[in-house]
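Undergrad: First the structure, then my questions, so here it is.
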Amino acid sequence: MKKLFNLNMFKEKNLKIFLLFVVLLWIKTYAAYRIEFSLGIDNKLQEFLLFINPLSSALVFLGVALFFKGRLQSVLLLVINFIMSFVLYANIVYYRFFSDFITVPVVMSTKSNAGQLGESTLALMSPFDIFYFIDTILLLIFVIKKWYNPSKTVSRKPATFIIAAGVLTFMINLGLAEIDRPQLLSRSFDRNYLVKYLGTYNFTIYDTIQNAKSASQRALADSNDITEVENYIKANYAAPDPKYFGKAEGKNVIFISMESFQTFLIDYQLNGQEVTPFLNSLAHDGKTFYFDNIINQTGQGKTSDAEFMMDNSLYPMSQGAVFVNKAQNTYQATPAILKTHGYTSAAFHGNYKTFWNRNEMYRSIGYDKFFDAEYYNMSEENTKNYGMKDKPFFEESMPLLESLPQPFYTKFISLSNHHPFGMDEGDSDFPIAETDDKVVNQYFQSANYMDQALEQFFNDLKESGLYDNTVVVMYGDHYGISENHNEAMAEIIGKEITPFEYARNLQRVPVFIHVPGVEGGVQHQIGGQVDVRPTLLHLLGIDTKDYLEIGSDLLSKNHREVVPFRNGDFVSPKFTQVDDKCYLNETGEEVDGASCAPLSEKAKLELQMSDNIVYKDLLRFYKPEGFVPINRDDYQYVKNEVDVPIKEIGIEQDTHE
C-alpha cells in the first residue's frame, strides 16, 4: 500500500500536466453549472456537492488514459477530454431551450429527427461557447507540440491511485447526497436533482444504466402485473356528467396541436393589440369549452408526448419519448376505440413521417391514414425549418380532410409557432415585443400568425359544411418560452417569475373543445393533458370505465384535481409543489412540506401506475370488452392515388401534360 501511494510519483512532469487538465476540466464543468444551469442550490452542502462532483468524473475518466503508454496515452487523453467536453456542451445547448438534460432516449430520437433541428440548435449557440472547449484545444496543442509526451513504458501505480481517488471522491459525494436527498437514485423523477448532486457525467452513466433497465422491464413483465394497475385505475374512475355524456355522439372529431402555445397568450395585448384575437373570441363565445387551468405534462418528447397523452391518456416517459422508445408497444388509443364505432382516423402533418418516429408509432395507435409532407407543396415559400407553415398547411389539408369517410377522427399538427419563432418577411405584420430577449420578442408575432391560420381553417370548415357536425379540440402542446427567459418574461407579465409562478401559471396550456349545439364557457377546474381523452370520449357517448387510462373527465363532478408534472411535482387547487417545496396557491408563499406530502405521494403513485403500463407494455395482457386490438401489419403509410383527392390528381395530370 505504501508503495502504491508513493507521493514522489507526482513529481513527474507528465503527471503534473495530466493533473493540470483534470483541474481545468473540473473547473470548466463547475463554471458551466453556475452559468448555464438553474439547479436550485438551497444550502451549503448542495453547493459543496455541486463543486466537487465534476472532480470524481475527471479523475476516473481521464485516469483511464494513464493505463496506456507513449503516444497512445496522449491521444486517448485528448479523445476522452473531447468526449466529456462534448457531453457537457450538448447538455448546455439542450438546456438553454428545454431546461432539461440529454438522455440516451433523447439521443435516439435526435437520430430519427436528424436534419430537422438545425435552425433551433444554431439559435441556442454563441461564439463565446468556445470557452467550453478551451482545455481541449490547449491539450491538443500540448499533444501536437509533444509538451505532454508520456514514457513508452507505463507504471500502473499513478493510474491506479488516481482512479481510486476518483472512486473514493464519488462515494463520498454519493453518501453526502443521500443525506441531503434520501433515495436519490431510486425515487427521483427529476434530472435536475441527479445533475445537481452527481454531475452531468455521472448522470450520463446513470441514465445509460436506467435505459438498459427499462428495456428489460418488458421482458420480465407478465399478466399478473396488470392487476395492481387495473385496481388503481378503476378505484379512481370519474363517471361522466349525464348533462354532457353523449352530446357529441357520432360527430366528426378534429384535434389541433397548437405548437408551443401557452395560456398566458389568451387575452394578452401587446402594445394595445390582441395577440390572438380569434382564440380570444372562442374563449368567450359561450359556445366553446375553454379550459384555462390545464397543466403542461410533457417530458422530453415534447410535441410527441402531448400527442401520446391526447390519444392514450397515459403519461409520457420520464426519459426520452414514447414515440421513439416504445413505438412497438400495444396501445388502446382513441383511433382504435373509435374504429369499433365506425370512425375513420387520419393524421395531418406538414413534415416527413419519420419525424418523431410517427410512421411507426401511428401503426401501433391505429391511424388509418397519415398525410405527411409527401402530400403537400413543400416549396421554400411554404416551409420553415420544421416543415409547412400553418396557413398553407391548413389550406392544403382541406381537400384531404373532405375526402375522408365520415365520421372521422383526425389530428392536425401545426408547426409555425416553434422556437426560435422568427417569421419570414411578408408572413406577418404583427409587431414584436421590445425586451432584450430576441426569442421572447418573436414569440408574439409567431403566435399571432398561428391564430390567423386557425381562423382561416375554421372558416374553411364552415364553408365546406363540416363545421356543424364536427367536434374541434385544440390544445397547447407544451411551453414555448422556457425558464431560461424568465427575466424577459417578467417584463411581459409585469411581475417576478418565481419557481412557483413559473410552475403554477406559465406551465398552463390552453384546451378548447367546441361541440356543435352545446353550451360551453370558461372552465376553471385544474386538469392535465391526460384528462382530455376521457372528456372527449364521454362527450362522444363512450364510457371509459373499462379502459386503462390515467386521466379523468374534466366535465365530471368527480374529476380529480391533483395534477402531476412529469418530474413528480404537482399542482392542486390549494397547493403547488416545485422542487419538493410546497407553496400555497393563494399567496405563492412557501409553507410546511407536510401540507403537500400526501398529495405528493398521490401524484407519484399516479405516475408509477402509468409508467408500469408503458415501460412493461402491460396493455398486451388486457382487452376491454368489445375492443378489437390493433395489428400493426395492417397499417402502412405509403402515398398512392387512392389517398389523394380527385381534384389534386387532376392538377398533377394537367401539370405533366
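Ordering of the C-alpha cells sets the chain letters (A, B, ...), residue numbers begin anew at 1 in every chain, and ligands are numbered from 1 in the order given.
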Compile the contact shell of region 278-285 of chain A as number ranges by chain: residues with an atom at most 7 Å away, counting only C-alpha atoms, same-chain residues fewer than 4 positions apart removed.
TA: A: 266-267, 290, 451, 455, 521-522
Undergrad: List as an mmCIF file with C-alpha atoms, in the first residue's frame the protein and nucleic acid residues near Asn377 (chain A), meaning an atom at most 9 Å away when only C-alpha atoms are counted, but skip any in the same chain fewer than 3 places from it.
TA:
```cif
data_model
loop_
_atom_site.group_PDB
_atom_site.id
_atom_site.type_symbol
_atom_site.label_atom_id
_atom_site.label_comp_id
_atom_site.auth_asym_id
_atom_site.auth_seq_id
_atom_site.Cartn_x
_atom_site.Cartn_y
_atom_site.Cartn_z
ATOM 1 C CA ALA A 373 -45.051 16.096 -46.254
ATOM 2 C CA GLU A 374 -45.428 13.904 -49.353
ATOM 3 C CA ASN A 382 -44.375 27.329 -47.861
ATOM 4 C CA THR A 383 -41.923 25.908 -45.345
ATOM 5 C CA MET A 388 -45.086 23.510 -43.556
ATOM 6 C CA PRO A 392 -50.592 26.718 -46.438
ATOM 7 C CA PHE A 393 -50.710 23.586 -44.268
ATOM 8 C CA GLU A 396 -53.831 22.275 -48.464
#
```
Undergrad: Please identify all polymer residues within 12 Å of Ile130 (chain A), counting only C-alpha atoms, omitting same-chain residues fewer than 5 positions from it, and present them as a ChimeraX atom specification.
TA: /A:28,85-86,89,125,135-138
Undergrad: With only C-alpha atoms as the counted atoms, please give the residues lying no more than 9 Å from region 456-467 of chain A, apart from itself and same-chain residues fewer than 2 positions off, as a list in words.
TA: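 Once the nearby chain positions are removed, what remains is Asn252, Lys391, Phe394, Glu395, Met398, Glu402, Asp451, Gln452, Ala453, Leu454, Asn469, Thr470, Val471, Val472 and Pro516 of chain A.
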Undergrad: Need to verify the contact set: Ala164 (chain A), 12 Å, only C-alpha atoms, exclusion of same-chain residues closer than 3 positions in sequence. Can you return it as a count of residues only?
TA: 20
Undergrad: Figure out the distance between CA of Asn312 (chain A) and CA of Gly246 (chain A), please, to one decimal in Å.
TA: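 Taking CA of Gly246 (chain A) as the start and CA of Asn312 (chain A) as the end point, the length is 19.7 Å.
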Undergrad: Could you please write out, as a PyMOL selection string, every residue of region 173-404 of chain A that DSSP assigns to strand (DSSP E or B)?
TA: chain A and resi 252-258+269-270+273-274+288-291+294-295+344-349+369-371+383-384+387-388
Undergrad: Apply DSSP to the structure's backbone, then extract all residues of region 353-430 of chain A labelled helix (DSSP H, G or I) and return them as a PyMOL selection string.
TA: chain A and resi 355-365+373-375+380-382+390-402
Undergrad: Please produce a file of those selected residues containing N, CA and C atoms, as a short mmCIF file (atom, residue, chain, number, x, y, z; two decimals), in the first residue's frame.
TA:
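Now in again_26.cif:
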```cif
data_model
loop_
_atom_site.label_atom_id
_atom_site.label_comp_id
_atom_site.auth_asym_id
_atom_site.auth_seq_id
_atom_site.Cartn_x
_atom_site.Cartn_y
_atom_site.Cartn_z
N PHE A 355 -40.34 11.94 -38.74
CA PHE A 355 -40.07 12.88 -37.65
C PHE A 355 -40.80 12.42 -36.39
N TRP A 356 -40.05 12.31 -35.28
CA TRP A 356 -40.55 11.74 -34.03
C TRP A 356 -41.04 10.30 -34.22
N ASN A 357 -40.53 9.64 -35.27
CA ASN A 357 -40.85 8.21 -35.47
C ASN A 357 -42.36 7.99 -35.61
N ARG A 358 -43.06 8.99 -36.14
CA ARG A 358 -44.52 8.90 -36.20
C ARG A 358 -45.00 7.75 -37.09
N ASN A 359 -44.27 7.49 -38.16
CA ASN A 359 -44.73 6.43 -39.07
C ASN A 359 -44.78 5.07 -38.38
N GLU A 360 -43.96 4.86 -37.35
CA GLU A 360 -44.00 3.62 -36.59
C GLU A 360 -45.02 3.69 -35.46
N MET A 361 -45.05 4.81 -34.73
CA MET A 361 -45.96 4.94 -33.60
C MET A 361 -47.42 4.93 -34.05
N TYR A 362 -47.71 5.59 -35.17
CA TYR A 362 -49.10 5.65 -35.64
C TYR A 362 -49.62 4.26 -36.02
N ARG A 363 -48.73 3.37 -36.43
CA ARG A 363 -49.16 2.00 -36.72
C ARG A 363 -49.64 1.30 -35.45
N SER A 364 -48.99 1.58 -34.33
CA SER A 364 -49.40 0.98 -33.06
C SER A 364 -50.66 1.63 -32.50
N ILE A 365 -50.84 2.92 -32.80
CA ILE A 365 -52.03 3.63 -32.33
C ILE A 365 -53.24 3.27 -33.19
N ALA A 373 -45.57 15.11 -45.30
CA ALA A 373 -45.05 16.10 -46.25
C ALA A 373 -45.21 15.68 -47.70
N GLU A 374 -45.30 14.37 -47.97
CA GLU A 374 -45.43 13.90 -49.35
C GLU A 374 -46.72 14.38 -50.01
N TYR A 375 -47.69 14.78 -49.20
CA TYR A 375 -48.99 15.21 -49.73
C TYR A 375 -49.08 16.73 -49.90
N GLU A 380 -39.99 26.25 -50.83
CA GLU A 380 -39.29 27.12 -49.88
C GLU A 380 -40.21 28.18 -49.31
N GLU A 381 -41.10 28.69 -50.15
CA GLU A 381 -42.04 29.72 -49.72
C GLU A 381 -43.01 29.20 -48.67
N ASN A 382 -43.36 27.91 -48.74
CA ASN A 382 -44.37 27.33 -47.86
C ASN A 382 -43.81 26.71 -46.59
N ASP A 390 -48.15 27.23 -41.18
CA ASP A 390 -49.52 26.87 -40.78
C ASP A 390 -50.57 27.23 -41.84
N LYS A 391 -50.45 28.40 -42.44
CA LYS A 391 -51.51 28.82 -43.38
C LYS A 391 -51.58 27.90 -44.60
N PRO A 392 -50.49 27.66 -45.32
CA PRO A 392 -50.59 26.72 -46.44
C PRO A 392 -50.89 25.29 -45.98
N PHE A 393 -50.44 24.93 -44.79
CA PHE A 393 -50.71 23.59 -44.27
C PHE A 393 -52.21 23.34 -44.12
N PHE A 394 -52.90 24.25 -43.43
CA PHE A 394 -54.34 24.07 -43.24
C PHE A 394 -55.10 24.19 -44.56
N GLU A 395 -54.64 25.11 -45.40
CA GLU A 395 -55.32 25.29 -46.69
C GLU A 395 -55.22 24.03 -47.54
N GLU A 396 -54.02 23.46 -47.64
CA GLU A 396 -53.83 22.27 -48.46
C GLU A 396 -54.41 21.01 -47.82
N SER A 397 -54.68 21.08 -46.51
CA SER A 397 -55.25 19.91 -45.82
C SER A 397 -56.74 19.75 -46.08
N MET A 398 -57.42 20.84 -46.44
CA MET A 398 -58.87 20.78 -46.57
C MET A 398 -59.35 19.75 -47.59
N PRO A 399 -58.79 19.69 -48.81
CA PRO A 399 -59.25 18.66 -49.74
C PRO A 399 -59.02 17.24 -49.22
N LEU A 400 -57.91 17.06 -48.51
CA LEU A 400 -57.62 15.74 -47.93
C LEU A 400 -58.64 15.40 -46.85
N LEU A 401 -58.98 16.38 -46.04
CA LEU A 401 -59.97 16.17 -44.98
C LEU A 401 -61.34 15.84 -45.57
N GLU A 402 -61.73 16.60 -46.58
CA GLU A 402 -63.04 16.39 -47.20
C GLU A 402 -63.15 15.04 -47.89
#
```
Undergrad: Identify which of the residues A:Gly299, A:Pro150, A:Gly166, A:Gly568 lies closest to Lys16 (chain A), counting only C-alpha atoms when measuring atom-to-atom distances.
TA: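 Closest to Lys16 (chain A), using only C-alpha atoms: A:Pro150.
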Undergrad: Could you give me, as JSON lines, a per-residue list for region 341-380 of chain A showing, wherever an atom lies at most 8 Å from an atom of region 405-414 of chain A, the closest pair of atoms and their distance in Å to one decimal, using only C-alpha atoms and sorting by chain then residue number from low to high?
TA:
```
{"residue": "A:Gly342", "atom": "CA", "partner": "A:Pro407", "partner_atom": "CA", "distance": 7.1}
{"residue": "A:Tyr343", "atom": "CA", "partner": "A:Phe408", "partner_atom": "CA", "distance": 5.0}
{"residue": "A:Thr344", "atom": "CA", "partner": "A:Phe408", "partner_atom": "CA", "distance": 4.7}
{"residue": "A:Ser345", "atom": "CA", "partner": "A:Tyr409", "partner_atom": "CA", "distance": 4.6}
{"residue": "A:Ala346", "atom": "CA", "partner": "A:Thr410", "partner_atom": "CA", "distance": 4.8}
{"residue": "A:Ala347", "atom": "CA", "partner": "A:Lys411", "partner_atom": "CA", "distance": 4.7}
{"residue": "A:Phe348", "atom": "CA", "partner": "A:Phe412", "partner_atom": "CA", "distance": 4.8}
{"residue": "A:His349", "atom": "CA", "partner": "A:Ile413", "partner_atom": "CA", "distance": 5.3}
{"residue": "A:Gly350", "atom": "CA", "partner": "A:Ile413", "partner_atom": "CA", "distance": 7.6}
```
Undergrad: Using only C-alpha atoms, determine which residues lie at most 6 Å from region 610-615 of chain A, disregarding the query and same-chain residues fewer than 3 positions distant; provide the list as a list in words.
TA: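 The neighbour list is Leu314, Tyr315, Leu607 and Leu618 of chain A.
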Undergrad: Counting only C-alpha atoms, which residue out of A:Ile162, A:Thr544, A:Asn385, A:Leu539 sits closest to Glu249 (chain A)?
TA: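 Looking only at the distances to Glu249 (chain A), the closest residue turns out to be A:Leu539.
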Undergrad: Kindly indicate which residue among A:Leu77, A:Ile41, A:Leu49, A:Ile526 lies nearest to Leu174 (chain A), using only C-alpha atoms for the distances.
TA: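 Among the listed residues, the smallest separation from Leu174 (chain A) belongs to A:Leu49.
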Undergrad: Just give me the gap between CA of Glu36 (chain A) and CA of Pro54 (chain A) in Å, one decimal is fine.
TA: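 About the pair CA of Glu36 (chain A) and CA of Pro54 (chain A): they are 15.1 Å apart.
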Undergrad: Using only C-alpha atoms, tabulate the residues of region 559-629 of chain A lying at most 10 Å from any atom of region 189-210 of chain A, each with its closest atom pair and that distance in Å to one decimal, by chain and increasing residue number, as CSV.
TA:
```
residue,atom,partner,partner_atom,distance
A:Phe565,CA,A:Phe189,CA,9.7
A:Arg566,CA,A:Phe189,CA,7.4
A:Asn567,CA,A:Phe189,CA,4.6
A:Gly568,CA,A:Phe189,CA,5.7
A:Asp569,CA,A:Phe189,CA,8.8
A:Asp579,CA,A:Asp190,CA,8.4
A:Lys604,CA,A:Phe189,CA,8.7
A:Leu607,CA,A:Phe189,CA,9.5
```
Undergrad: Please determine, counting only C-alpha atoms, which residue among A:Phe48, A:Phe18, A:Tyr376, A:Phe264 has the shortest atom-to-atom distance to Met489 (chain A).
TA: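 Closest candidate: A:Phe264.
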Undergrad: CA of Asp543 (chain A) and CA of Lys302 (chain A) are how many Å apart?
TA: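 Those two atoms sit 28.5 Å apart.
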